[in-house]
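Coordinates from coords17.txt are shown below (compact mmCIF, C-alpha atoms).
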# COMPACT_ATOMS: atom_id res chain seq x y z
CA MET I 467 74.45 123.24 81.98
CA THR I 468 72.21 122.90 78.93
CA TYR I 469 69.90 125.61 77.60
CA GLU I 470 66.84 123.77 78.87
CA GLU I 471 68.43 123.28 82.29
CA LEU I 472 69.14 127.00 82.56
CA LYS I 473 65.54 127.84 81.69
CA ALA I 474 64.30 125.31 84.24
CA LYS I 475 66.51 126.92 86.90
CA MET I 476 65.15 130.38 86.07
CA ASP I 477 61.62 128.97 86.21
CA ASP I 478 62.41 127.66 89.70
CA CYS I 479 63.34 131.25 90.65
CA HIS I 480 59.91 132.42 89.41
CA TYR I 481 61.70 134.63 86.91
CA ILE I 482 59.75 135.79 83.86
CA TYR I 483 61.88 135.88 80.71
CA ASP I 484 61.61 135.59 76.95
CA GLU I 485 63.60 133.39 74.57
CA THR I 486 65.93 136.23 73.52
CA LEU I 487 67.01 136.92 77.10
CA ALA I 488 67.44 133.22 77.90
CA THR I 489 69.47 132.65 74.72
CA VAL I 490 71.82 135.58 75.36
CA LEU I 491 72.37 134.46 78.96
CA PHE I 492 73.11 130.88 77.92
CA VAL I 493 75.52 131.78 75.11
CA ALA I 494 77.36 134.37 77.22
CA LEU I 495 77.73 131.77 79.96
CA GLN I 496 78.96 129.10 77.55
CA LEU I 497 81.50 131.43 75.92
CA GLY I 498 82.64 133.00 79.20
CA ARG I 499 81.79 136.46 77.87
CA PRO I 500 80.83 139.41 80.08
CA LEU I 501 77.25 140.58 79.49
CA LEU I 502 76.39 144.27 79.17
CA ILE I 503 72.72 145.01 79.90
CA GLU I 504 71.31 148.42 79.07
CA GLY I 505 67.88 149.88 79.70
CA ALA I 506 65.99 152.48 81.69
CA ALA I 507 66.20 152.49 85.48
CA GLY I 508 63.83 149.96 86.97
CA VAL I 509 63.42 147.54 84.07
CA GLY I 510 65.08 144.66 85.95
CA LYS I 511 68.72 144.70 84.81
CA THR I 512 70.16 143.99 88.26
CA GLU I 513 67.63 141.21 88.75
CA VAL I 514 69.22 139.29 85.87
CA ALA I 515 72.48 138.97 87.83
CA LYS I 516 70.63 137.91 90.98
CA VAL I 517 68.67 135.26 89.11
CA MET I 518 71.79 133.93 87.39
CA ALA I 519 73.54 133.61 90.75
CA ALA I 520 70.58 131.64 92.10
CA ALA I 521 70.25 129.53 88.94
CA LEU I 522 73.96 128.66 88.86
CA GLY I 523 74.23 128.16 92.61
CA ARG I 524 76.94 130.83 92.84
CA ASP I 525 77.65 133.70 95.21
CA LEU I 526 76.79 137.16 93.92
CA VAL I 527 79.59 139.73 94.21
CA ARG I 528 78.34 143.26 93.57
CA LEU I 529 80.27 146.40 92.71
CA GLN I 530 78.05 149.50 92.79
CA CYS I 531 79.54 152.16 90.55
CA TYR I 532 79.52 155.88 91.24
CA GLU I 533 81.42 158.98 90.16
CA GLY I 534 84.94 158.91 91.57
CA LEU I 535 85.08 155.14 92.05
CA ASP I 536 88.71 154.00 91.98
CA GLU I 537 90.86 150.90 92.34
CA SER I 538 91.01 151.09 96.13
CA LYS I 539 87.24 150.61 96.35
CA ALA I 540 86.83 148.28 93.36
CA LEU I 541 89.95 146.10 93.24
CA TYR I 542 92.11 146.09 96.36
CA GLU I 543 93.45 148.12 99.23
CA TRP I 544 96.34 147.60 101.63
CA ASN I 545 95.57 147.17 105.32
CA TYR I 546 97.58 150.19 106.42
CA GLN I 547 96.85 149.79 110.14
CA LYS I 548 98.09 146.20 110.09
CA GLN I 549 101.16 147.22 108.07
CA LEU I 550 101.98 149.98 110.56
CA LEU I 551 101.63 147.59 113.47
CA SER I 552 103.93 145.10 111.74
CA ILE I 553 106.54 147.81 111.18
CA GLN I 554 106.46 148.73 114.88
CA VAL I 555 106.79 145.11 115.98
CA ASN I 556 109.40 143.95 113.47
CA MET I 557 111.54 147.01 112.71
CA ASN I 558 114.32 145.77 115.00
CA ASN I 559 113.99 142.07 114.07
CA GLN I 560 114.15 142.22 110.25
CA ASP I 561 116.31 143.97 107.73
CA LYS I 562 114.63 146.87 105.96
CA ASP I 563 114.24 145.19 102.53
CA SER I 564 112.70 142.00 103.93
CA LEU I 565 110.32 143.96 106.10
CA THR I 566 109.23 146.15 103.21
CA LYS I 567 108.65 143.13 100.97
CA SER I 568 106.65 141.33 103.63
CA LEU I 569 104.32 144.31 104.04
CA PHE I 570 103.04 143.91 100.48
CA SER I 571 101.89 140.31 100.65
CA ASP I 572 98.54 138.55 100.80
CA GLU I 573 98.49 138.90 104.55
CA TYR I 574 97.95 142.66 104.23
CA LEU I 575 95.80 142.69 101.10
CA LEU I 576 92.14 143.69 101.44
CA GLU I 577 90.12 142.29 98.56
CA ARG I 578 87.46 144.46 96.98
CA PRO I 579 84.73 143.07 94.66
CA LEU I 580 86.79 142.75 91.46
CA LEU I 581 89.74 140.99 93.07
CA GLN I 582 87.45 138.92 95.26
CA SER I 583 85.57 137.64 92.23
CA ILE I 584 88.61 136.38 90.31
CA ARG I 585 90.44 135.00 93.38
CA SER I 586 87.44 133.00 94.51
CA GLU I 587 88.06 129.25 94.50
CA LYS I 588 84.53 128.73 93.18
CA PRO I 589 83.11 130.74 90.26
CA VAL I 590 80.86 133.64 91.26
CA VAL I 591 78.51 136.01 89.46
CA LEU I 592 80.12 139.46 89.38
CA LEU I 593 77.66 142.33 89.05
CA ILE I 594 79.18 145.67 88.00
CA ASP I 595 76.11 147.80 88.54
CA GLU I 596 75.53 151.12 86.74
CA ILE I 597 78.90 151.26 85.00
CA ASP I 598 77.72 154.45 83.27
CA LYS I 599 77.95 156.28 86.62
CA ALA I 600 81.68 155.58 86.92
CA ASP I 601 84.31 157.73 85.22
CA GLU I 602 85.73 156.88 81.80
CA GLU I 603 89.09 156.23 83.48
CA PHE I 604 87.56 153.48 85.59
CA GLU I 605 85.85 152.02 82.55
CA ALA I 606 89.24 151.83 80.82
CA PHE I 607 90.73 150.19 83.92
CA LEU I 608 88.12 147.42 83.63
CA LEU I 609 89.22 146.37 80.16
CA GLU I 610 92.07 144.14 81.38
CA LEU I 611 89.71 142.26 83.67
CA LEU I 612 87.01 141.84 81.04
CA SER I 613 89.31 140.68 78.25
CA GLU I 614 92.03 138.73 80.06
CA MET I 615 90.32 137.81 83.34
CA GLN I 616 93.31 139.17 85.21
CA VAL I 617 94.28 142.34 87.05
CA THR I 618 97.60 144.02 87.76
CA ILE I 619 98.64 145.06 91.26
CA PRO I 620 101.86 147.11 91.12
CA GLU I 621 103.33 145.70 94.35
CA ILE I 622 102.52 142.07 93.46
CA GLY I 623 102.24 141.84 89.70
CA THR I 624 99.58 140.20 87.53
CA VAL I 625 96.87 138.25 89.33
CA LYS I 626 95.20 135.72 87.04
CA ALA I 627 91.73 134.41 87.76
CA LYS I 628 91.50 131.24 89.84
CA SER I 629 87.96 130.84 88.54
CA ILE I 630 86.08 132.63 85.76
CA PRO I 631 83.18 134.72 87.06
CA PHE I 632 80.03 135.30 85.05
CA VAL I 633 80.22 139.09 84.68
CA VAL I 634 77.10 141.23 84.30
CA LEU I 635 77.49 144.97 83.69
CA THR I 636 74.42 147.21 83.80
CA SER I 637 73.96 150.69 82.38
CA ASN I 638 71.12 153.22 82.51
CA ARG I 639 72.78 155.01 79.56
CA ALA I 640 73.60 158.11 81.63
CA ARG I 641 76.66 158.49 79.38
CA PRO I 642 77.92 156.66 76.28
CA LEU I 643 80.15 153.66 76.98
CA SER I 644 83.33 153.10 75.01
CA GLU I 645 83.48 150.85 71.97
CA ALA I 646 86.36 148.99 73.63
CA LEU I 647 84.09 147.99 76.51
CA ARG I 648 81.22 147.05 74.22
CA ARG I 649 83.45 144.84 72.05
CA ARG I 650 84.38 142.74 75.05
CA CYS I 651 80.78 142.03 76.02
CA ALA I 652 77.69 140.24 74.84
CA TYR I 653 74.83 142.76 74.72
CA LEU I 654 71.24 142.85 75.89
CA TYR I 655 68.75 145.70 75.94
CA ILE I 656 65.80 145.41 78.30
CA GLU I 657 62.65 147.49 77.96
CA TYR I 658 59.83 147.97 80.43
CA PRO I 659 57.58 144.90 80.33
CA ASP I 660 54.37 145.00 78.34
CA MET I 661 51.02 144.40 80.01
CA GLU I 662 51.17 140.62 79.63
CA LYS I 663 54.68 140.30 81.04
CA GLU I 664 54.01 142.72 83.91
CA LEU I 665 50.95 140.72 84.93
CA ALA I 666 52.96 137.48 84.71
CA ILE I 667 55.62 139.02 87.01
CA LEU I 668 52.95 140.05 89.53
CA ARG I 669 51.42 136.57 89.50
CA ALA I 670 54.82 134.90 89.89
CA LYS I 671 56.11 137.16 92.68
CA LEU I 672 52.82 137.77 94.52
CA PRO I 673 50.73 134.63 93.95
CA HIS I 674 48.54 135.39 97.00
CA VAL I 675 47.33 138.74 95.63
CA ASP I 676 43.89 138.80 94.01
CA ASP I 677 44.28 138.21 90.28
CA ARG I 678 41.81 140.94 89.31
CA LEU I 679 43.71 143.47 91.43
CA CYS I 680 46.98 142.39 89.80
CA ALA I 681 45.47 143.02 86.38
CA GLN I 682 44.26 146.48 87.43
CA VAL I 683 47.68 147.35 88.89
CA ALA I 684 49.51 146.11 85.78
CA LEU I 685 47.25 148.15 83.48
CA ALA I 686 47.54 151.24 85.69
CA VAL I 687 51.33 151.06 85.66
CA GLN I 688 51.33 150.68 81.88
CA LYS I 689 49.29 153.88 81.60
CA LEU I 690 51.53 155.75 84.03
CA ARG I 691 54.62 154.84 82.03
CA ALA I 692 52.93 155.89 78.79
CA ASN I 693 52.01 159.29 80.23
CA ASP I 694 54.54 161.94 79.22
CA VAL I 695 53.67 164.04 82.30
CA ILE I 696 55.07 161.38 84.65
CA LEU I 697 58.79 162.13 85.03
CA LYS I 698 59.96 159.08 86.97
CA LYS I 699 58.43 156.02 85.32
CA PRO I 700 57.43 153.26 87.78
CA SER I 701 59.90 150.39 87.99
CA ILE I 702 58.97 146.72 88.15
CA ALA I 703 59.93 146.76 91.85
CA GLU I 704 57.49 149.64 92.42
CA THR I 705 54.74 147.73 90.62
CA LEU I 706 55.29 144.86 93.06
CA ASP I 707 55.42 147.23 96.04
CA TRP I 708 52.16 148.84 95.00
CA ALA I 709 50.31 145.56 94.59
CA ALA I 710 51.68 144.33 97.93
CA ALA I 711 50.60 147.58 99.66
CA LEU I 712 47.08 147.33 98.26
CA ASP I 713 46.87 143.71 99.35
CA ALA I 714 48.17 144.53 102.84
CA LEU I 715 45.32 147.03 103.21
CA GLY I 716 42.78 144.42 102.15
CA ILE I 717 41.96 146.38 98.99
CA ARG I 718 40.57 144.29 96.15
CA GLU I 719 39.59 147.08 93.74
CA LEU I 720 41.81 149.89 92.47
CA THR I 721 39.39 152.74 93.13
CA PRO I 722 40.34 156.46 93.12
CA ASP I 723 40.41 156.36 96.94
CA ALA I 724 42.68 153.30 96.93
CA LEU I 725 44.94 155.06 94.46
CA ARG I 726 45.23 158.20 96.59
CA GLN I 727 46.01 156.17 99.71
CA THR I 728 48.79 154.14 98.08
CA ALA I 729 50.17 156.38 95.30
CA GLY I 730 53.45 156.83 97.18
CA PHE I 731 54.29 153.17 96.55
CA VAL I 732 54.32 153.60 92.77
CA LEU I 733 55.22 157.28 92.21
CA LYS I 734 58.27 158.54 94.04
CA ASN I 735 58.38 162.30 93.61
CA ASN I 736 56.04 165.13 94.43
CA GLU I 737 55.70 166.39 90.86
CA ASP I 738 54.39 163.03 89.66
CA LEU I 739 51.99 162.76 92.61
CA ASP I 740 50.71 166.26 91.85
CA ALA I 741 50.30 165.44 88.17
CA MET I 742 48.24 162.37 89.00
CA ASP I 743 46.21 164.28 91.59
CA LEU I 744 45.45 167.07 89.11
CA ASP I 745 44.15 164.48 86.70
CA GLY I 746 41.73 163.27 89.36
CA GLU I 747 41.26 159.90 87.69
CA GLU I 748 42.38 156.34 88.16
CA PRO I 749 45.71 155.66 86.42
CA HIS I 750 44.11 153.36 83.85
CA GLN I 751 41.99 156.34 82.74
CA HIS I 752 44.93 158.74 82.95
CA THR I 753 44.76 161.49 80.33
CA CYS I 754 47.86 162.31 78.37
CA THR I 755 49.50 165.44 77.09
CA CYS I 756 47.84 165.18 73.71
CA GLY I 757 44.62 166.42 75.35
CA GLY I 758 42.84 163.10 75.06
CA SER I 759 42.80 163.04 71.27
CA CYS I 760 44.53 159.66 71.29
CA GLY I 761 41.47 158.07 72.86
CA GLY I 762 43.46 156.74 75.79
CA HIS I 763 45.72 154.51 73.70
CA HIS I 764 49.41 153.97 74.52
CA HIS I 765 51.92 156.29 73.00
CA GLY I 766 54.66 154.61 71.02
Hey, can you dump this file as structure tokens for me?
Amino acid sequence: MTYEELKAKMDDCHYIYDETLATVLFVALQLGRPLLIEGAAGVGKTEVAKVMAAALGRDLVRLQCYEGLDESKALYEWNYQKQLLSIQVNMNNQDKDSLTKSLFSDEYLLERPLLQSIRSEKPVVLLIDEIDKADEEFEAFLLELLSEMQVTIPEIGTVKAKSIPFVVLTSNRARPLSEALRRRCAYLYIEYPDMEKELAILRAKLPHVDDRLCAQVALAVQKLRANDVILKKPSIAETLDWAAALDALGIRELTPDALRQTAGFVLKNNEDLDAMDLDGEEPHQHTCTCGGSCGGHHHG
């Protein structure tokens, strides 16, 4: 796939991107390098993997990371119930060594996302989502897969990849990632979209929504994110939800009443709702913690 073909495929997915993002995706794909994407929650890191799966015509295999994640949930697990049943059926028909060996074969192996992705006959897109939530031990365990495209199963040995997945790792930077992991990956940092990009996303994803309303929503979200009082900054998904909610109600103007009715689609905790309510203004007139001395401009 050429660079222009990749961009055309992403255009077909109605995905809004810049040249830097497209270039990094293309080069990482060409070199077979994993891609580490960092950024705040809600900037669209996971969406990159979804779009690449659609653009490449591949299945998306997702591993959601969390504290305590281990090999049995990420790589493989043995089907203990099936093994036990086999022991009961065959204990008198096979010698002990043969029976034991047969229990640790493909027939009893349960693939988890990592093993599934490298044993797939056709290449997939492997999304390792929020790697920063997993323990450092799990991060270290990943290094063999990321560098050699193989994994080691003690009972079987080394399993080499049948196909090379396009690997996307995302991180919200909840903890620092190791240099060893970073060295193995191409790197991309994604920020919240600016006003122009946010409006382009709204137009691409919700083409039926009134353009003037989209512009008001995009500007309002920009102001909410710039306000230091707002703890949980609205994600791109919440921007889309908000515009869709307003449209579903037949609202064509983002008035204070419309804002109060639909604020729960863009702000997702009580403190932020209270902060906006105390302000008593539309988000695009939202005052900031500097007491208004900035004249309403964005904070850097």
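A straight line drawn from CA of Lys539 (chain I) to CA of Leu608 (chain I) is 13.1 Å long.
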Out of I:Lys562, I:Arg650, I:Lys588, I:Lys473, which residue has the shortest atom-to-atom distance to Glu614 (chain I) when counting only C-alpha atoms?
I:Arg650
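Proximity to Ala506 (chain I) was assessed for I:Gly730, I:Pro722, I:Pro700, I:Gly523 counting only C-alpha atoms; the smallest distance is recorded for I:Pro700.
What separates CA of Phe492 (chain I) from CA of Val625 (chain I) is a distance of 27.4 Å.
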Local residues around (79.3, 147.4, 79.4), at most 6 Å away, using all atoms listed in the file, as a PyMOL selection string:
chain I and resi 502+635+647-648
Would you compute the box with edges along x, y and z of the file around region 657-671 of chain I, including every atom the file lists for it and 6 Å extra on each side, and give its centre and edge lengths in Å to one decimal, as lines of an AutoDock Vina configuration file?
center_x = 56.8
center_y = 141.4
center_z = 85.3
size_x = 23.7
size_y = 25.1
size_z = 26.7
Residues within 12 Å of Thr618 (chain I), please, as a short mmCIF file (atom, residue, chain, number, x, y, z; two decimals) with C-alpha atoms, in the frame of the given file. Count all atoms listed in the file; anything in the same chain fewer than 5 positions from it doesn't count.
data_model
loop_
_atom_site.label_atom_id
_atom_site.label_comp_id
_atom_site.auth_asym_id
_atom_site.auth_seq_id
_atom_site.Cartn_x
_atom_site.Cartn_y
_atom_site.Cartn_z
CA GLU I 537 90.86 150.90 92.34
CA LEU I 541 89.95 146.10 93.24
CA TYR I 542 92.11 146.09 96.36
CA LEU I 580 86.79 142.75 91.46
CA LEU I 581 89.74 140.99 93.07
CA PHE I 607 90.73 150.19 83.92
CA LEU I 608 88.12 147.42 83.63
CA LEU I 609 89.22 146.37 80.16
CA GLU I 610 92.07 144.14 81.38
CA LEU I 611 89.71 142.26 83.67
CA GLY I 623 102.24 141.84 89.70
CA THR I 624 99.58 140.20 87.53
CA VAL I 625 96.87 138.25 89.33
CA LYS I 626 95.20 135.72 87.04
CA ALA I 627 91.73 134.41 87.76
#
Report the distance between CA of Pro673 (chain I) and CA of Leu526 (chain I) in Å, rounded to one decimal place.
26.2 Å
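Comparing I:Arg499, I:Lys516, I:Arg649, I:Arg726 by their smallest distance to Pro631 (chain I), the closest is I:Arg499 (using all atoms listed in the file).
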Which residues are near region 596-602 of chain I? Cut-off 7 Å, all atoms listed in the file, ignore same chain within fewer than 6 positions. Put them as number ranges by chain.
I: 530-535, 635-641, 643
Non-local contacts of Leu569 (chain I) (12 Å; only C-alpha atoms; under 3 positions in same chain excluded) as a list in words
Trp544, Asn545, Tyr546, Gln547, Lys548, Gln549, Leu550, Leu551, Ser552, Ile553, Gln554, Asn556, Met557, Gln560, Lys562, Asp563, Ser564, Leu565, Thr566, Asp572, Glu573, Tyr574, Leu575, Glu621 and Ile622 of chain I
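Using all atoms listed in the file, the nearest neighbour of Glu577 (chain I) within the list I:Met467, I:Val514, I:Val591, I:Ala540 is I:Ala540.
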Contacts of Glu737 (chain I) within 9 Å, only C-alpha atoms, excl. fewer than 3 positions in-chain, as a PyMOL selection string
chain I and resi 696-697+734+740-742
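Nearest-residue note for Arg678 (chain I): choosing from I:Glu719, I:Asp707, I:Asp713, I:Glu471, the minimum distance belongs to I:Glu719, counting only C-alpha atoms.
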Distance query region 660-667 of chain I at most 7 Å, only C-alpha atoms, self and fewer than 3 positions along chain excluded, as a compact mmCIF listing (two decimals) with C-alpha atoms, in the frame of the given file:
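That gives us result-v8.txt:
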# COMPACT_ATOMS: atom_id res chain seq x y z
CA ILE I 482 59.75 135.79 83.86
CA ALA I 670 54.82 134.90 89.89
CA LYS I 671 56.11 137.16 92.68
CA CYS I 680 46.98 142.39 89.80
CA ALA I 681 45.47 143.02 86.38
CA ALA I 684 49.51 146.11 85.78
CA LEU I 685 47.25 148.15 83.48
CA GLN I 688 51.33 150.68 81.88
So that I can look at just that part, could you write region 471-497 of chain I with N, CA and C atoms, as a short mmCIF file (atom, residue, chain, number, x, y, z; two decimals), in the first residue's frame?
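Final output, saved to decode36.cif:
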data_model
loop_
_atom_site.label_atom_id
_atom_site.label_comp_id
_atom_site.auth_asym_id
_atom_site.auth_seq_id
_atom_site.Cartn_x
_atom_site.Cartn_y
_atom_site.Cartn_z
N GLU I 471 -2.43 5.79 -1.09
CA GLU I 471 -3.51 4.81 -0.93
C GLU I 471 -3.97 4.73 0.52
N LEU I 472 -3.02 4.80 1.46
CA LEU I 472 -3.39 4.79 2.87
C LEU I 472 -4.24 6.00 3.22
N LYS I 473 -3.84 7.16 2.74
CA LYS I 473 -4.61 8.38 3.01
C LYS I 473 -6.01 8.29 2.39
N ALA I 474 -6.09 7.73 1.20
CA ALA I 474 -7.40 7.57 0.56
C ALA I 474 -8.30 6.64 1.37
N LYS I 475 -7.70 5.57 1.92
CA LYS I 475 -8.47 4.64 2.75
C LYS I 475 -8.97 5.32 4.02
N MET I 476 -8.12 6.15 4.64
CA MET I 476 -8.54 6.86 5.84
C MET I 476 -9.62 7.90 5.51
N ASP I 477 -9.49 8.50 4.34
CA ASP I 477 -10.54 9.43 3.89
C ASP I 477 -11.88 8.70 3.74
N ASP I 478 -11.82 7.48 3.21
CA ASP I 478 -13.04 6.68 3.06
C ASP I 478 -13.69 6.38 4.41
N CYS I 479 -12.87 6.33 5.46
CA CYS I 479 -13.39 6.08 6.82
C CYS I 479 -13.87 7.37 7.49
N HIS I 480 -13.82 8.47 6.74
CA HIS I 480 -14.20 9.80 7.29
C HIS I 480 -13.36 10.14 8.50
N TYR I 481 -12.08 9.80 8.41
CA TYR I 481 -11.16 10.06 9.52
C TYR I 481 -10.39 11.34 9.24
N ILE I 482 -10.35 12.23 10.21
CA ILE I 482 -9.66 13.51 10.06
C ILE I 482 -8.25 13.36 10.63
N TYR I 483 -7.25 13.63 9.82
CA TYR I 483 -5.86 13.43 10.22
C TYR I 483 -5.00 14.55 9.64
N ASP I 484 -3.78 14.66 10.14
CA ASP I 484 -2.83 15.60 9.55
C ASP I 484 -1.70 14.80 8.91
N GLU I 485 -0.79 15.49 8.23
CA GLU I 485 0.28 14.81 7.50
C GLU I 485 1.23 14.07 8.43
N THR I 486 1.47 14.63 9.62
CA THR I 486 2.38 13.97 10.57
C THR I 486 1.82 12.61 10.97
N LEU I 487 0.54 12.57 11.34
CA LEU I 487 -0.07 11.31 11.76
C LEU I 487 -0.05 10.30 10.61
N ALA I 488 -0.43 10.74 9.42
CA ALA I 488 -0.47 9.83 8.26
C ALA I 488 0.93 9.29 7.95
N THR I 489 1.95 10.16 8.05
CA THR I 489 3.32 9.74 7.75
C THR I 489 3.81 8.70 8.76
N VAL I 490 3.57 8.95 10.04
CA VAL I 490 4.01 8.00 11.07
C VAL I 490 3.32 6.66 10.89
N LEU I 491 2.02 6.67 10.61
CA LEU I 491 1.29 5.43 10.40
C LEU I 491 1.86 4.66 9.21
N PHE I 492 2.11 5.36 8.12
CA PHE I 492 2.60 4.70 6.91
C PHE I 492 3.98 4.09 7.13
N VAL I 493 4.90 4.86 7.73
CA VAL I 493 6.26 4.37 7.93
C VAL I 493 6.28 3.20 8.92
N ALA I 494 5.52 3.31 10.01
CA ALA I 494 5.44 2.21 10.98
C ALA I 494 4.91 0.95 10.31
N LEU I 495 3.93 1.11 9.45
CA LEU I 495 3.36 -0.03 8.73
C LEU I 495 4.39 -0.64 7.79
N GLN I 496 5.10 0.20 7.06
CA GLN I 496 6.09 -0.28 6.09
C GLN I 496 7.25 -1.00 6.79
N LEU I 497 7.65 -0.50 7.94
CA LEU I 497 8.80 -1.08 8.65
C LEU I 497 8.40 -2.22 9.58
#
